[in-house]
Amino acid sequence: MIRLECDKKFRELIDRCFVEEVSAEDRRLMHDHISGCNSCKRYVELTGRTIRGLREFTFTSEPDSSAQVREILAHHTETMRQHNVQSKIWAAFAVALSMSFVGSALVYQLVKRLAVPMHFDTAQVQAGVLVFWLLPSFCSALCLLAARGENRGIA
Amino acid sequence: MTLNTTAETETAKIARGLRERDRELLADLVERCQPRLVRYLLYLTGRREYAEDLAQETWIRVLQRGSQYNGRQRFDPWLFAIARNLAIDYLRKKRKAVQTASLPDDRDEILLVSSTGPSPFEAAARSEDAIRLAGQLQILSPLYREALLLRFQEDLSLPEIAQVLGAPVTTVTSRIYRGLAALRSAFEEGGDSPGV
């Protein structure tokens with residue numbers, strides 16, 4: 001019974017020595033013990049052999065496995081990059097469009113005030129803002145969507 | 001200190017490369033980690049065909065979620081954790097397809113399905129001792145198998161293994177001890193005890 005308790009205690013220590021970081025004192029304790037205990041010595045040998053055996057498995061992946069993965073990743077990277085560019089273009093278009101309308105409203109208000117001393121009527125002011133501000137800015141926003149290649153999306 | 005700084009620089013470089021989806025860095029990571037990733041997935045699933053497919057899925061996930069890698073820990077445990085989650089989801093789907101009974105809530109239990117087909121361990125054994133272990137490994141619980149692999153082949157620290165497994169360090173050590181005990185029986189005289 002005493003033998004079993006001794007074994008259990010030291011075998012836990014032996015396991016810890018193989019698996020975890022143990023103090024130098026614990027390690028010395030284990031060495032001292034196994035030098036006088038054949039059963040625990042055998043246990044150490046078996047454990048060491050098991051761990052060495054585990055390191056003696058060589059798995060080879062399919063020869064073209066890495067190349068195949070690299071190819072798939074390159075394809076995905078390109079798809080994601082294109083998707084990213086598309087999202088940026090739509091975001092830029094939305095901003096440009098809203099700026100076009102907000103800007104037109106502000107310009108209209110300003111020109112309407114200036115038009116009074118210059119004797120322009122409302123229809124003339126509206127036509128002027130439409131032709132010289134709203135339409136050009138709206139077309140600029142549309143250009144973002146129509147642009148080609150690397151410059152696409154760059155205002 | 002120098003080693004730590006080098007390690008930090010390396011992980012920070014990987015984190016930046018993943019954020020920017022740097023093709024060269026990804027190719028380099030694949031070159032370095034693919035065989036180990038396949039090996040880990042083999043230990044986890046016990047099937048070569050699953051391992052190769054899941055490895056591909058894992059890299060795509062790395063590309064998609066690269067920005068989540070913070071560069072403060074080593075890359076390998078993060079990679080293995082992604083692979084593990086994918087393997088569990090994959091096996092869950094496969095099981096769902098073949099059985100109508102409800103699946104266990106515990107994600108780890110999904111891994112406890114006995115694998116059929118030829119053992120990938122026998123083909124990979126490179127010594128007499130490894131050949132003796134191969135049979136035990138095939139019937140050993142995947143949970144113990146993966147803990148043993150991460151500790152003794154990948155040389156991950158216990159906290160790193162805990163991070164991969166999403167389990168406390170005490171669970172990790174307990175799985176390693178139990179796995180070792182089961183495998184040790186392959187060398188014990190007349191020891192042909194069943195796997196755990």
# chains A, B, ... in the order shown; residues from 1 in each chain; ligands from 1
call {"tool": "residues_around", "arguments": {"residues": "range 73-82 of chain B", "least_positions_apart": "3", "cutoff": "9 Å", "atoms": "only C-alpha atoms", "output": "count of residues only"}}
result
27
call {"tool": "residues_around", "arguments": {"residues": "Gly135 in chain B", "least_positions_apart": "4", "cutoff": "9 Å", "atoms": "only C-alpha atoms", "output": "ChimeraX atom specification"}}
result
/B:119,121-122,131,139-140,186
call {"tool": "write_last_selection", "arguments": {"atoms": "N, CA and C atoms", "output": "PDB file, in the first residue's frame"}}
result
ATOM      1  N   SER B 119      -5.988   4.077 -41.437  1.00  0.00           N
ATOM      2  CA  SER B 119      -5.378   4.938 -40.424  1.00  0.00           C
ATOM      3  C   SER B 119      -4.267   5.772 -41.048  1.00  0.00           C
ATOM      4  N   PHE B 121      -2.149   7.301 -39.383  1.00  0.00           N
ATOM      5  CA  PHE B 121      -0.997   7.247 -38.470  1.00  0.00           C
ATOM      6  C   PHE B 121      -0.015   6.141 -38.855  1.00  0.00           C
ATOM      7  N   GLU B 122      -0.563   5.010 -39.322  1.00  0.00           N
ATOM      8  CA  GLU B 122       0.321   3.916 -39.709  1.00  0.00           C
ATOM      9  C   GLU B 122       1.219   4.332 -40.867  1.00  0.00           C
ATOM     10  N   ILE B 131       5.322   2.948 -35.044  1.00  0.00           N
ATOM     11  CA  ILE B 131       4.384   1.964 -35.599  1.00  0.00           C
ATOM     12  C   ILE B 131       3.535   1.370 -34.474  1.00  0.00           C
ATOM     13  N   ILE B 139      -7.222   4.768 -32.163  1.00  0.00           N
ATOM     14  CA  ILE B 139      -8.407   4.559 -31.321  1.00  0.00           C
ATOM     15  C   ILE B 139      -8.471   5.528 -30.132  1.00  0.00           C
ATOM     16  N   LEU B 140      -7.431   6.324 -29.996  1.00  0.00           N
ATOM     17  CA  LEU B 140      -7.414   7.302 -28.901  1.00  0.00           C
ATOM     18  C   LEU B 140      -8.407   8.438 -29.194  1.00  0.00           C
ATOM     19  N   ALA B 186       1.005   0.891 -25.065  1.00  0.00           N
ATOM     20  CA  ALA B 186       1.505   0.229 -26.276  1.00  0.00           C
ATOM     21  C   ALA B 186       2.868  -0.404 -26.021  1.00  0.00           C
TER      22      ALA B 186
END
call {"tool": "interface_residues", "arguments": {"of": "chain B", "to": "chain A", "cutoff": "9 Å", "atoms": "only C-alpha atoms", "output": "ChimeraX atom specification"}}
result
/B:21-23,26-27,30-31,34-36,38-39,42,48,52,55-56,59-60,63-64,120-134,148-149,151-153,157-158,173,176-177,180-181,183-188
call {"tool": "write_last_selection", "arguments": {"atoms": "N, CA and C atoms", "output": "short mmCIF file (atom, residue, chain, number, x, y, z; two decimals), in the first residue's frame"}}
result
data_model
loop_
_atom_site.label_atom_id
_atom_site.label_comp_id
_atom_site.auth_asym_id
_atom_site.auth_seq_id
_atom_site.Cartn_x
_atom_site.Cartn_y
_atom_site.Cartn_z
N ARG B 21 -3.71 42.17 -46.27
CA ARG B 21 -3.87 41.03 -47.19
C ARG B 21 -2.67 40.93 -48.14
N ASP B 22 -1.52 40.97 -47.53
CA ASP B 22 -0.26 40.90 -48.28
C ASP B 22 -0.08 39.50 -48.86
N ARG B 23 -0.08 39.43 -50.19
CA ARG B 23 -0.01 38.12 -50.85
C ARG B 23 1.28 37.36 -50.55
N LEU B 26 1.19 35.93 -47.07
CA LEU B 26 0.29 34.77 -47.02
C LEU B 26 0.94 33.54 -47.64
N ALA B 27 1.59 33.75 -48.77
CA ALA B 27 2.26 32.62 -49.44
C ALA B 27 3.34 32.05 -48.53
N VAL B 30 1.71 30.06 -45.72
CA VAL B 30 1.23 28.77 -46.23
C VAL B 30 2.40 27.80 -46.35
N GLU B 31 3.49 28.29 -46.91
CA GLU B 31 4.66 27.44 -47.10
C GLU B 31 5.16 26.90 -45.76
N GLN B 34 1.54 25.00 -43.71
CA GLN B 34 0.58 24.06 -44.31
C GLN B 34 0.80 22.61 -43.85
N PRO B 35 2.04 22.08 -43.90
CA PRO B 35 2.20 20.68 -43.49
C PRO B 35 1.80 20.46 -42.03
N ARG B 36 2.11 21.44 -41.18
CA ARG B 36 1.77 21.30 -39.75
C ARG B 36 0.27 21.43 -39.54
N VAL B 38 -2.05 20.58 -41.74
CA VAL B 38 -2.66 19.32 -42.20
C VAL B 38 -2.47 18.24 -41.14
N ARG B 39 -1.27 18.20 -40.56
CA ARG B 39 -0.99 17.20 -39.51
C ARG B 39 -1.94 17.40 -38.32
N LEU B 42 -5.30 16.23 -39.18
CA LEU B 42 -5.32 14.76 -39.24
C LEU B 42 -5.49 14.19 -37.83
N ARG B 48 -7.56 11.81 -43.71
CA ARG B 48 -6.71 12.66 -44.54
C ARG B 48 -7.52 13.59 -45.45
N GLU B 52 -7.11 17.79 -45.56
CA GLU B 52 -6.68 18.63 -46.68
C GLU B 52 -7.73 19.70 -46.99
N ALA B 55 -7.88 22.30 -44.25
CA ALA B 55 -6.71 23.19 -44.27
C ALA B 55 -6.94 24.33 -45.26
N GLN B 56 -7.51 24.00 -46.41
CA GLN B 56 -7.81 25.05 -47.40
C GLN B 56 -8.81 26.06 -46.83
N TRP B 59 -7.21 28.48 -44.39
CA TRP B 59 -6.46 29.59 -44.98
C TRP B 59 -7.38 30.67 -45.52
N ILE B 60 -8.51 30.25 -46.08
CA ILE B 60 -9.46 31.25 -46.58
C ILE B 60 -9.99 32.07 -45.41
N LEU B 63 -7.50 34.58 -44.33
CA LEU B 63 -7.51 35.73 -45.24
C LEU B 63 -8.67 36.68 -44.90
N GLN B 64 -9.84 36.07 -44.66
CA GLN B 64 -11.04 36.88 -44.40
C GLN B 64 -10.98 37.57 -43.03
N PRO B 120 -4.34 7.10 -40.90
CA PRO B 120 -3.27 7.93 -41.45
C PRO B 120 -2.00 7.82 -40.60
N PHE B 121 -2.15 7.30 -39.38
CA PHE B 121 -1.00 7.25 -38.47
C PHE B 121 -0.01 6.14 -38.86
N GLU B 122 -0.56 5.01 -39.32
CA GLU B 122 0.32 3.92 -39.71
C GLU B 122 1.22 4.33 -40.87
N ALA B 123 0.61 5.05 -41.81
CA ALA B 123 1.39 5.48 -42.98
C ALA B 123 2.46 6.50 -42.60
N ALA B 124 2.22 7.21 -41.51
CA ALA B 124 3.15 8.29 -41.14
C ALA B 124 4.22 7.84 -40.15
N ALA B 125 4.07 6.63 -39.62
CA ALA B 125 5.02 6.16 -38.60
C ALA B 125 6.39 5.92 -39.23
N ARG B 126 7.43 6.49 -38.61
CA ARG B 126 8.77 6.40 -39.20
C ARG B 126 9.75 5.58 -38.34
N SER B 127 9.25 4.95 -37.29
CA SER B 127 10.13 4.11 -36.47
C SER B 127 9.29 2.98 -35.89
N GLU B 128 9.98 2.01 -35.33
CA GLU B 128 9.25 0.87 -34.78
C GLU B 128 8.31 1.31 -33.65
N ASP B 129 8.83 2.22 -32.81
CA ASP B 129 8.00 2.72 -31.71
C ASP B 129 6.79 3.46 -32.23
N ALA B 130 7.00 4.24 -33.29
CA ALA B 130 5.88 5.00 -33.86
C ALA B 130 4.84 4.04 -34.44
N ILE B 131 5.32 2.95 -35.04
CA ILE B 131 4.38 1.96 -35.60
C ILE B 131 3.53 1.37 -34.47
N ARG B 132 4.18 1.12 -33.33
CA ARG B 132 3.43 0.55 -32.19
C ARG B 132 2.41 1.56 -31.65
N LEU B 133 2.79 2.82 -31.74
CA LEU B 133 1.87 3.86 -31.24
C LEU B 133 0.71 4.13 -32.20
N ALA B 134 0.95 3.86 -33.49
CA ALA B 134 -0.04 4.23 -34.51
C ALA B 134 -1.42 3.63 -34.22
N LEU B 148 -1.85 15.98 -27.21
CA LEU B 148 -0.51 15.39 -27.29
C LEU B 148 0.28 16.00 -28.45
N LEU B 149 -0.40 16.15 -29.57
CA LEU B 149 0.28 16.71 -30.75
C LEU B 149 0.74 18.14 -30.47
N ARG B 151 1.39 19.56 -27.73
CA ARG B 151 2.45 19.67 -26.72
C ARG B 151 3.77 19.10 -27.23
N PHE B 152 3.73 17.91 -27.82
CA PHE B 152 4.99 17.23 -28.10
C PHE B 152 5.47 17.34 -29.55
N GLN B 153 4.59 17.73 -30.45
CA GLN B 153 5.08 17.90 -31.82
C GLN B 153 5.15 19.39 -32.18
N SER B 157 3.21 25.87 -25.58
CA SER B 157 3.16 25.88 -24.11
C SER B 157 1.74 25.52 -23.68
N LEU B 158 1.59 25.19 -22.42
CA LEU B 158 0.25 24.81 -21.93
C LEU B 158 -0.77 25.94 -22.10
N THR B 173 -3.83 19.84 -19.28
CA THR B 173 -2.86 18.92 -18.66
C THR B 173 -3.51 17.56 -18.42
N ILE B 176 -3.53 15.66 -21.61
CA ILE B 176 -2.19 15.18 -21.98
C ILE B 176 -1.81 13.96 -21.14
N TYR B 177 -2.05 14.04 -19.83
CA TYR B 177 -1.71 12.90 -18.94
C TYR B 177 -2.48 11.65 -19.34
N LEU B 180 -1.19 10.30 -22.63
CA LEU B 180 0.10 9.62 -22.44
C LEU B 180 -0.10 8.25 -21.80
N ALA B 181 -0.99 8.20 -20.83
CA ALA B 181 -1.24 6.93 -20.13
C ALA B 181 -1.77 5.89 -21.12
N LEU B 183 -1.30 5.81 -24.39
CA LEU B 183 -0.27 5.44 -25.38
C LEU B 183 0.84 4.59 -24.75
N ARG B 184 1.13 4.88 -23.48
CA ARG B 184 2.20 4.13 -22.80
C ARG B 184 1.90 2.63 -22.80
N SER B 185 0.62 2.34 -22.80
CA SER B 185 0.24 0.92 -22.74
C SER B 185 0.72 0.16 -23.97
N ALA B 186 1.01 0.89 -25.07
CA ALA B 186 1.50 0.23 -26.28
C ALA B 186 2.87 -0.40 -26.02
N PHE B 187 3.60 0.12 -25.04
CA PHE B 187 4.95 -0.38 -24.77
C PHE B 187 5.01 -1.30 -23.55
N GLU B 188 3.91 -1.30 -22.81
CA GLU B 188 3.93 -2.14 -21.61
C GLU B 188 3.80 -3.60 -22.01
#
call {"tool": "residues_around", "arguments": {"residues": "range 133-148 of chain A", "least_positions_apart": "5", "cutoff": "6 Å", "atoms": "only C-alpha atoms", "output": "list in words"}}
result
Phe93, Ala96, Leu97, Ser100, Ser104 and Gly153 of chain A
call {"tool": "write_last_selection", "arguments": {"atoms": "N, CA and C atoms", "output": "compact mmCIF listing (two decimals), in the first residue's frame"}}
result
# COMPACT_ATOMS: atom_id res chain seq x y z
N PHE A 93 -19.52 57.64 -54.62
CA PHE A 93 -20.63 58.11 -55.44
C PHE A 93 -21.74 58.69 -54.56
N ALA A 96 -20.56 62.02 -53.25
CA ALA A 96 -20.54 63.03 -54.31
C ALA A 96 -21.96 63.46 -54.68
N LEU A 97 -22.87 62.49 -54.72
CA LEU A 97 -24.25 62.79 -55.09
C LEU A 97 -24.91 63.68 -54.03
N SER A 100 -23.53 67.06 -54.25
CA SER A 100 -24.05 67.75 -55.44
C SER A 100 -25.38 68.42 -55.13
N SER A 104 -25.90 72.35 -54.46
CA SER A 104 -26.81 73.05 -55.37
C SER A 104 -27.83 73.88 -54.60
N GLY A 153 -13.07 55.34 -59.17
CA GLY A 153 -13.42 55.66 -57.79
C GLY A 153 -12.62 56.80 -57.23
call {"tool": "atom_distance", "arguments": {"atom1": "CA of His75 in chain A", "atom2": "CA of Arg84 in chain B"}}
result
24.1 Å
call {"tool": "closest_residue", "arguments": {"among": "A:Val129, A:Met118, A:Ala123, A:Ala91", "to": "Ala105 in chain A", "atoms": "only C-alpha atoms"}}
result
A:Val129
